[in-house]
Each structure stands twice: as structure tokens, then as C-alpha cells.
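Source file: target-v1.txt (compact mmCIF, C-alpha atoms and all ligand atoms)
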# COMPACT_ATOMS: atom_id res chain seq x y z
CA MET I 18 2.56 -71.32 -47.62
CA ILE I 19 4.69 -68.27 -46.89
CA LEU I 20 3.45 -64.80 -46.06
CA LEU I 21 6.05 -62.15 -46.84
CA ILE I 22 5.67 -59.02 -44.82
CA ARG I 23 7.99 -56.05 -44.31
CA SER I 24 9.20 -55.02 -40.90
CA GLU I 25 7.50 -51.59 -41.26
CA GLN I 26 4.23 -53.41 -41.76
CA LEU I 27 4.79 -55.53 -38.68
CA ARG I 28 5.28 -52.28 -36.82
CA VAL I 29 1.97 -50.97 -38.20
CA LEU I 30 0.23 -54.11 -36.97
CA ALA I 31 1.77 -53.75 -33.52
CA ASP I 32 0.91 -50.04 -33.36
CA GLU I 33 -2.67 -50.59 -34.49
CA THR I 34 -3.08 -53.34 -31.91
CA ARG I 35 -1.70 -51.18 -29.11
CA LYS I 36 -3.75 -48.15 -30.18
CA ALA I 37 -7.09 -49.97 -30.22
CA LEU I 38 -7.59 -49.76 -26.47
CA GLY I 39 -10.26 -52.09 -25.18
CA MET I 40 -11.02 -53.24 -28.70
CA GLU I 41 -9.82 -55.79 -31.17
CA SER I 42 -7.98 -54.04 -33.96
CA CYS I 43 -8.71 -55.25 -37.48
CA GLY I 44 -7.95 -54.50 -41.08
CA ILE I 45 -7.18 -55.64 -44.55
CA MET I 46 -3.95 -56.68 -46.26
CA LEU I 47 -3.46 -55.87 -49.94
CA GLY I 48 -0.67 -57.21 -52.11
CA ILE I 49 0.03 -60.34 -54.09
CA LEU I 50 -1.73 -63.59 -53.27
CA GLY I 51 -0.36 -66.78 -54.82
CA ASP I 52 -0.79 -70.42 -53.92
CA ALA I 53 2.63 -70.96 -52.36
CA ALA I 54 3.35 -67.43 -51.22
CA ALA I 55 1.71 -64.10 -50.59
CA GLU I 56 3.23 -60.70 -50.10
CA VAL I 57 1.72 -57.88 -48.09
CA GLU I 58 2.19 -54.56 -49.85
CA GLU I 59 -0.13 -52.53 -47.72
CA ILE I 60 -1.87 -52.79 -44.38
CA VAL I 61 -5.23 -51.02 -44.44
CA PRO I 62 -6.57 -50.52 -40.90
CA ALA I 63 -10.34 -50.74 -40.65
CA ARG I 64 -12.96 -49.94 -38.05
CA ASN I 65 -14.14 -52.75 -35.80
CA ARG I 66 -17.88 -52.49 -36.23
CA LEU I 67 -18.50 -54.44 -33.01
CA LYS I 68 -16.28 -52.15 -30.91
CA SER I 69 -15.57 -55.21 -28.79
CA GLU I 70 -12.48 -56.37 -26.98
CA SER I 71 -13.18 -60.01 -27.78
CA GLU I 72 -14.79 -59.90 -31.21
CA PHE I 73 -14.39 -58.03 -34.42
CA GLU I 74 -16.20 -57.36 -37.63
CA ILE I 75 -14.49 -55.28 -40.26
CA ASP I 76 -16.68 -52.33 -41.11
CA PRO I 77 -18.26 -53.31 -44.47
CA GLU I 78 -17.63 -49.86 -45.94
CA ASP I 79 -13.95 -50.05 -45.05
CA LEU I 80 -13.75 -53.53 -46.53
CA LEU I 81 -15.43 -52.52 -49.78
CA ARG I 82 -13.25 -49.43 -50.12
CA ALA I 83 -10.07 -51.47 -49.60
CA ILE I 84 -11.13 -54.18 -52.06
CA GLU I 85 -12.06 -51.58 -54.70
CA ARG I 86 -8.80 -49.74 -54.24
CA GLY I 87 -6.90 -53.02 -54.51
CA GLU I 88 -8.72 -53.81 -57.75
CA SER I 89 -7.99 -50.40 -59.22
CA GLU I 90 -4.30 -50.84 -58.36
CA SER I 91 -4.20 -54.47 -59.56
CA ARG I 92 -3.52 -55.68 -56.07
CA ASP I 93 -5.01 -58.76 -54.52
CA LEU I 94 -6.90 -59.00 -51.31
CA VAL I 95 -4.27 -61.02 -49.46
CA GLY I 96 -6.36 -61.32 -46.34
CA PHE I 97 -7.20 -59.81 -42.99
CA TYR I 98 -5.64 -59.16 -39.63
CA HIS I 99 -7.11 -58.71 -36.20
CA SER I 100 -5.92 -58.76 -32.63
CA HIS I 101 -6.78 -60.94 -29.68
CA PRO I 102 -6.28 -60.04 -26.01
CA SER I 103 -3.68 -62.78 -25.53
CA SER I 104 -3.71 -65.68 -27.98
CA SER I 105 -2.74 -65.48 -31.61
CA LEU I 106 -4.58 -68.68 -32.47
CA PRO I 107 -7.86 -68.63 -34.38
CA SER I 108 -10.96 -68.80 -32.20
CA PRO I 109 -13.88 -71.06 -33.14
CA VAL I 110 -15.70 -67.95 -34.44
CA ASP I 111 -12.64 -67.04 -36.51
CA GLU I 112 -12.65 -70.50 -38.02
CA GLU I 113 -16.27 -70.15 -39.05
CA HIS I 114 -15.45 -66.93 -40.85
CA MET I 115 -12.21 -68.20 -42.34
CA VAL I 116 -14.14 -70.94 -44.10
CA LEU I 117 -16.12 -68.23 -45.88
CA TRP I 118 -12.89 -66.72 -47.23
CA PRO I 119 -10.93 -69.72 -48.49
CA ARG I 120 -7.29 -69.07 -49.50
CA LYS I 121 -7.21 -65.67 -47.81
CA VAL I 122 -4.57 -65.26 -45.14
CA TRP I 123 -5.72 -64.37 -41.64
CA VAL I 124 -3.16 -62.78 -39.38
CA MET I 125 -3.87 -62.81 -35.64
CA VAL I 126 -1.92 -60.58 -33.31
CA SER I 127 -1.71 -61.14 -29.58
CA ARG I 128 -2.11 -57.81 -27.83
CA SER I 129 -0.30 -59.00 -24.71
CA SER I 130 2.78 -60.46 -26.40
CA LEU I 131 2.48 -58.87 -29.88
CA VAL I 132 3.21 -62.33 -31.28
CA LEU I 133 1.49 -62.85 -34.57
CA ARG I 134 0.54 -65.95 -36.49
CA ALA I 135 -1.10 -66.44 -39.85
CA TYR I 136 -3.54 -69.06 -41.05
CA ARG I 137 -5.64 -69.85 -44.04
CA VAL I 138 -8.29 -72.35 -45.04
CA ILE I 139 -7.31 -74.51 -47.96
CA SER I 140 -9.34 -77.53 -49.11
CA GLY I 141 -11.52 -77.14 -46.05
CA GLU I 142 -8.61 -77.36 -43.59
CA ILE I 143 -7.00 -74.66 -41.53
CA GLU I 144 -3.24 -74.48 -42.00
CA GLU I 145 -0.67 -72.25 -40.43
CA VAL I 146 1.08 -69.86 -42.80
CA ASP I 147 4.78 -69.24 -42.32
CA ILE I 148 5.46 -65.53 -41.79
CA GLN I 149 8.73 -64.23 -43.25
CA ILE I 150 10.18 -60.76 -43.32
CA SER I 151 10.30 -59.54 -46.89
CA ARG I 152 12.93 -57.33 -48.43
CA GLY I 153 11.90 -57.16 -52.04
CA ARG I 154 8.90 -57.42 -54.20
CA LEU I 155 7.53 -60.81 -55.04
CA GLU I 156 7.11 -61.35 -58.76
CA LYS I 157 3.73 -62.73 -59.62
CA ALA I 158 5.22 -65.39 -61.89
CA GLY I 159 8.24 -65.95 -59.67
CA PRO I 160 9.69 -69.41 -59.04
CA LEU I 161 8.15 -70.07 -55.70
CA SER I 162 8.49 -73.54 -54.38
CA ASP I 163 5.53 -75.01 -52.63
CA ARG I 164 6.24 -75.29 -48.95
CA THR I 165 4.41 -76.93 -46.19
CA ALA I 166 3.98 -74.80 -43.13
CA PRO I 167 5.40 -76.28 -39.95
CA PRO I 168 2.86 -77.43 -37.41
CA PRO I 169 1.88 -74.69 -34.99
CA SER I 170 3.80 -74.83 -31.76
CA SER I 171 1.97 -74.61 -28.50
CA SER I 172 1.37 -71.17 -27.19
CA PRO I 173 0.64 -70.13 -23.61
CA GLY I 174 -3.04 -69.66 -23.22
CA ALA I 175 -3.87 -71.93 -26.09
CA SER I 176 -6.75 -74.09 -25.06
CA ARG I 177 -7.28 -75.89 -28.31
CA PRO I 178 -5.20 -77.18 -31.20
CA ALA I 179 -4.66 -74.62 -33.93
CA ARG I 180 -4.79 -77.11 -36.75
CA ALA I 181 -8.41 -78.10 -36.65
CA SER I 182 -10.45 -79.71 -39.30
CA VAL I 183 -13.32 -77.50 -40.32
CA GLY I 184 -15.00 -80.37 -42.08
CA PRO I 185 -17.35 -80.03 -44.99
CA ARG I 186 -18.47 -76.51 -44.21
CA THR I 187 -16.28 -74.99 -46.91
CA ARG I 188 -18.22 -72.60 -49.04
CA ARG I 189 -17.11 -70.81 -52.11
CA TRP I 190 -18.30 -67.32 -52.82
ZN ZN L 201 -10.13 -63.77 -33.65
Would you put the structure from the file into C-alpha cells?
Ligand SMILES: [Zn+2]
Amino acid sequence: MILLIRSEQLRVLADETRKALGMESCGIMLGILGDAAAEVEEIVPARNRLKSESEFEIDPEDLLRAIERGESESRDLVGFYHSHPSSSLPSPVDEEHMVLWPRKVWVMVSRSSLVLRAYRVISGEIEEVDIQISRGRLEKAGPLSDRTAPPPSSSPGASRPARASVGPRTRRW
């Protein structure tokens, strides 16, 4: 899967991550969510309800407001982003939450390197999503070929493989 994102939006993610001193930054991505590709149209920063530097929980009010606005503008909830102190790989806690939001794209930003990676859970498995800089608007019915994301490369500080089976815990909501 490909995640199309504009360079201005990457800058917003980097700025939000830098600004959230001593805290994980987090937020919502609205846009177009397809099976083979997604496009971020808007980054909606949210409050981290846990005010923690190693954990996050998107403030439920901020989440609801973003989802409702997306619905009123016919935009999909593409997924979520949050920062980590150093790694941009999903933590075990992230994986537990990702399973609850199948198909949504989770972007993780490393605060130390500002490297970002994206993942999603599909058919109960975590897969890396290929991030590409977008120039134009993705048409909903556009001819998008199905692509397989390359395997995640190793990252300094990574203590566990990124592509991990999450087993039969998949839940639909
Ligand atoms: Zn995380």
C-alpha cells in the first residue's frame, strides 16, 4: 500500500513532533483511504490525553470532532500519527491498538531523527505502508495498482521486527 502525503504535511508532522516537548505528539489524518493507496489531505493535530513522553492517547473529543468534520466534508479517516522518542517502529502497545483500527494507516515519527514510517493492520497482520510525496489529488476511482510494501529495513534502536504477526486478535468495529 502507498500513502501519499504532501511535503507541507510532512513539515507539519515534523513541527508538531518538535513542538510537543516532553510528550508524544499525536493526531488524525483525513483524506482518501483506498485499498491500494491512501492520500492525506489534512493533518489534524490532537491533544495527547496521557501527556506522556512514551505513550499517547488521542483526546476522544479531538478524535470525534475530526471524524465528524471528515464525514461532513466527505473525507475518510485515513489514520493516525504519533511520535516516539527515537524509533519509528510500532511498539507492542501500538500493535494492540492498531488491531482495533484495521485498514487505518498509522504514521510513527521519530523525534530524534524525524524519520517517519507508516503501518497498517490488514487481515490481522501488520504491514509497512510505503510513504510517497504527493503532488496531485488522488481520484477515488483512479487506476491504482496494488503494490506490496517492501519489508521494513532495520532501524537503529529497533529491538524487535516491525513485521509482526498479531495473530487472531483482529477485531472489527
Ligand atoms: Zn507508538
Under the rule of at most 8 Å, produce a per-residue listing of segment 49-168 of chain I near segment 23-29 of chain I: chain, number, name, the closest pair of atoms, and the distance in Å, as CSV, using all atoms listed in the file.
residue,atom,partner,partner_atom,distance
I:Val57,CA,I:Arg23,CA,7.5
I:Glu59,CA,I:Gln26,CA,7.4
I:Ile60,CA,I:Gln26,CA,6.7
I:Ile150,CA,I:Arg23,CA,5.3
I:Ser151,CA,I:Arg23,CA,4.9
I:Arg152,CA,I:Arg23,CA,6.6
9 Å from ligand ZN 201 (chain L) is the threshold here; counting only C-alpha atoms and all ligand atoms, which polymer residues fall inside it? Answer as a PDB file with C-alpha atoms, keeping the file's coordinate frame.
ATOM      1  CA  GLU I  41      -9.820 -55.790 -31.170  1.00  0.00           C
ATOM      2  CA  SER I  71     -13.180 -60.010 -27.780  1.00  0.00           C
ATOM      3  CA  GLU I  72     -14.790 -59.900 -31.210  1.00  0.00           C
ATOM      4  CA  PHE I  73     -14.390 -58.030 -34.420  1.00  0.00           C
ATOM      5  CA  TYR I  98      -5.640 -59.160 -39.630  1.00  0.00           C
ATOM      6  CA  HIS I  99      -7.110 -58.710 -36.200  1.00  0.00           C
ATOM      7  CA  SER I 100      -5.920 -58.760 -32.630  1.00  0.00           C
ATOM      8  CA  HIS I 101      -6.780 -60.940 -29.680  1.00  0.00           C
ATOM      9  CA  SER I 104      -3.710 -65.680 -27.980  1.00  0.00           C
ATOM     10  CA  SER I 105      -2.740 -65.480 -31.610  1.00  0.00           C
ATOM     11  CA  LEU I 106      -4.580 -68.680 -32.470  1.00  0.00           C
ATOM     12  CA  PRO I 107      -7.860 -68.630 -34.380  1.00  0.00           C
ATOM     13  CA  SER I 108     -10.960 -68.800 -32.200  1.00  0.00           C
ATOM     14  CA  PRO I 109     -13.880 -71.060 -33.140  1.00  0.00           C
ATOM     15  CA  VAL I 110     -15.700 -67.950 -34.440  1.00  0.00           C
ATOM     16  CA  ASP I 111     -12.640 -67.040 -36.510  1.00  0.00           C
ATOM     17  CA  GLU I 112     -12.650 -70.500 -38.020  1.00  0.00           C
ATOM     18  CA  MET I 125      -3.870 -62.810 -35.640  1.00  0.00           C
ATOM     19  CA  VAL I 126      -1.920 -60.580 -33.310  1.00  0.00           C
TER      20      VAL I 126
END
| said: Taking only C-alpha atoms into account, name the residue in I:Val138, I:Leu94, I:Met18, I:Ala63 that is nearest to Gly48 of chain I. | reply: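 The answer is I:Leu94, which sits nearest to Gly48 of chain I.
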| task | Go through I:Pro77, I:Ile19, I:Leu50, I:Leu133 one by one, measure the shortest atom-to-atom distance of each to Thr34 of chain I using only C-alpha atoms, and give the residue with the smallest value. | result |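 Comparing I:Pro77, I:Ile19, I:Leu50, I:Leu133 against Thr34 of chain I, the winner is I:Leu133.
Note that atom CA of Arg92 of chain I and atom CA of Leu20 of chain I are 15.2 Å apart.
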| Using only C-alpha atoms: which of I:Ile84, I:Val61, I:Ile139, I:Leu67 has the shortest distance to Glu33 of chain I | I:Val61
| Pick from I:Val116, I:Val124, I:Leu131, I:Met46: nearest to Pro62 of chain I, with all atoms listed in the file counted? |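 For Pro62 of chain I, the nearest of the candidates is I:Met46.
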| task | For Met115 of chain I, work out the shell of residues within 9 Å, counting all atoms listed in the file and skipping chain neighbours fewer than 4 positions away, then give it as a PyMOL selection string. | result | chain I and resi 110-111+119-123+136-138+143
| task | Would you work out the distance separating atom CA of Ala55 of chain I from atom CA of Ile22 of chain I, expressed in Å to one decimal? | result |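 Between these atoms lies a distance of 8.6 Å.
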| query | With only C-alpha atoms as the atoms that count, which of I:Ile45, I:Trp118, I:Ala53, I:Glu113 lies nearest to Ala83 of chain I? | reply |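 Among I:Ile45, I:Trp118, I:Ala53, I:Glu113, it is I:Ile45 that comes nearest to Ala83 of chain I.
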| In Å to one decimal, how far is atom CA of Leu47 of chain I from atom CA of Ala31 of chain I? |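 So the two atoms, atom CA of Ala31 of chain I and atom CA of Leu47 of chain I, lie 17.4 Å apart.
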| said: Restricting the calculation to all atoms listed in the file: of I:Cys43, I:Arg82, I:Phe97, I:Leu21, which residue gets closest to Lys68 of chain I? | reply: I:Cys43
| query | Excluding same-chain residues fewer than 3 positions from Met40 of chain I, what lies within 6 Å of it counting all atoms listed in the file, as a PyMOL selection string? | reply | chain I and resi 37+68-70
Give me a file of those residues, with C-alpha atoms, as an mmCIF file, in the coordinates of the input.
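Dumped to again04.cif:
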data_model
loop_
_atom_site.group_PDB
_atom_site.id
_atom_site.type_symbol
_atom_site.label_atom_id
_atom_site.label_comp_id
_atom_site.auth_asym_id
_atom_site.auth_seq_id
_atom_site.Cartn_x
_atom_site.Cartn_y
_atom_site.Cartn_z
ATOM 1 C CA ALA I 37 -7.090 -49.970 -30.220
ATOM 2 C CA LYS I 68 -16.280 -52.150 -30.910
ATOM 3 C CA SER I 69 -15.570 -55.210 -28.790
ATOM 4 C CA GLU I 70 -12.480 -56.370 -26.980
#
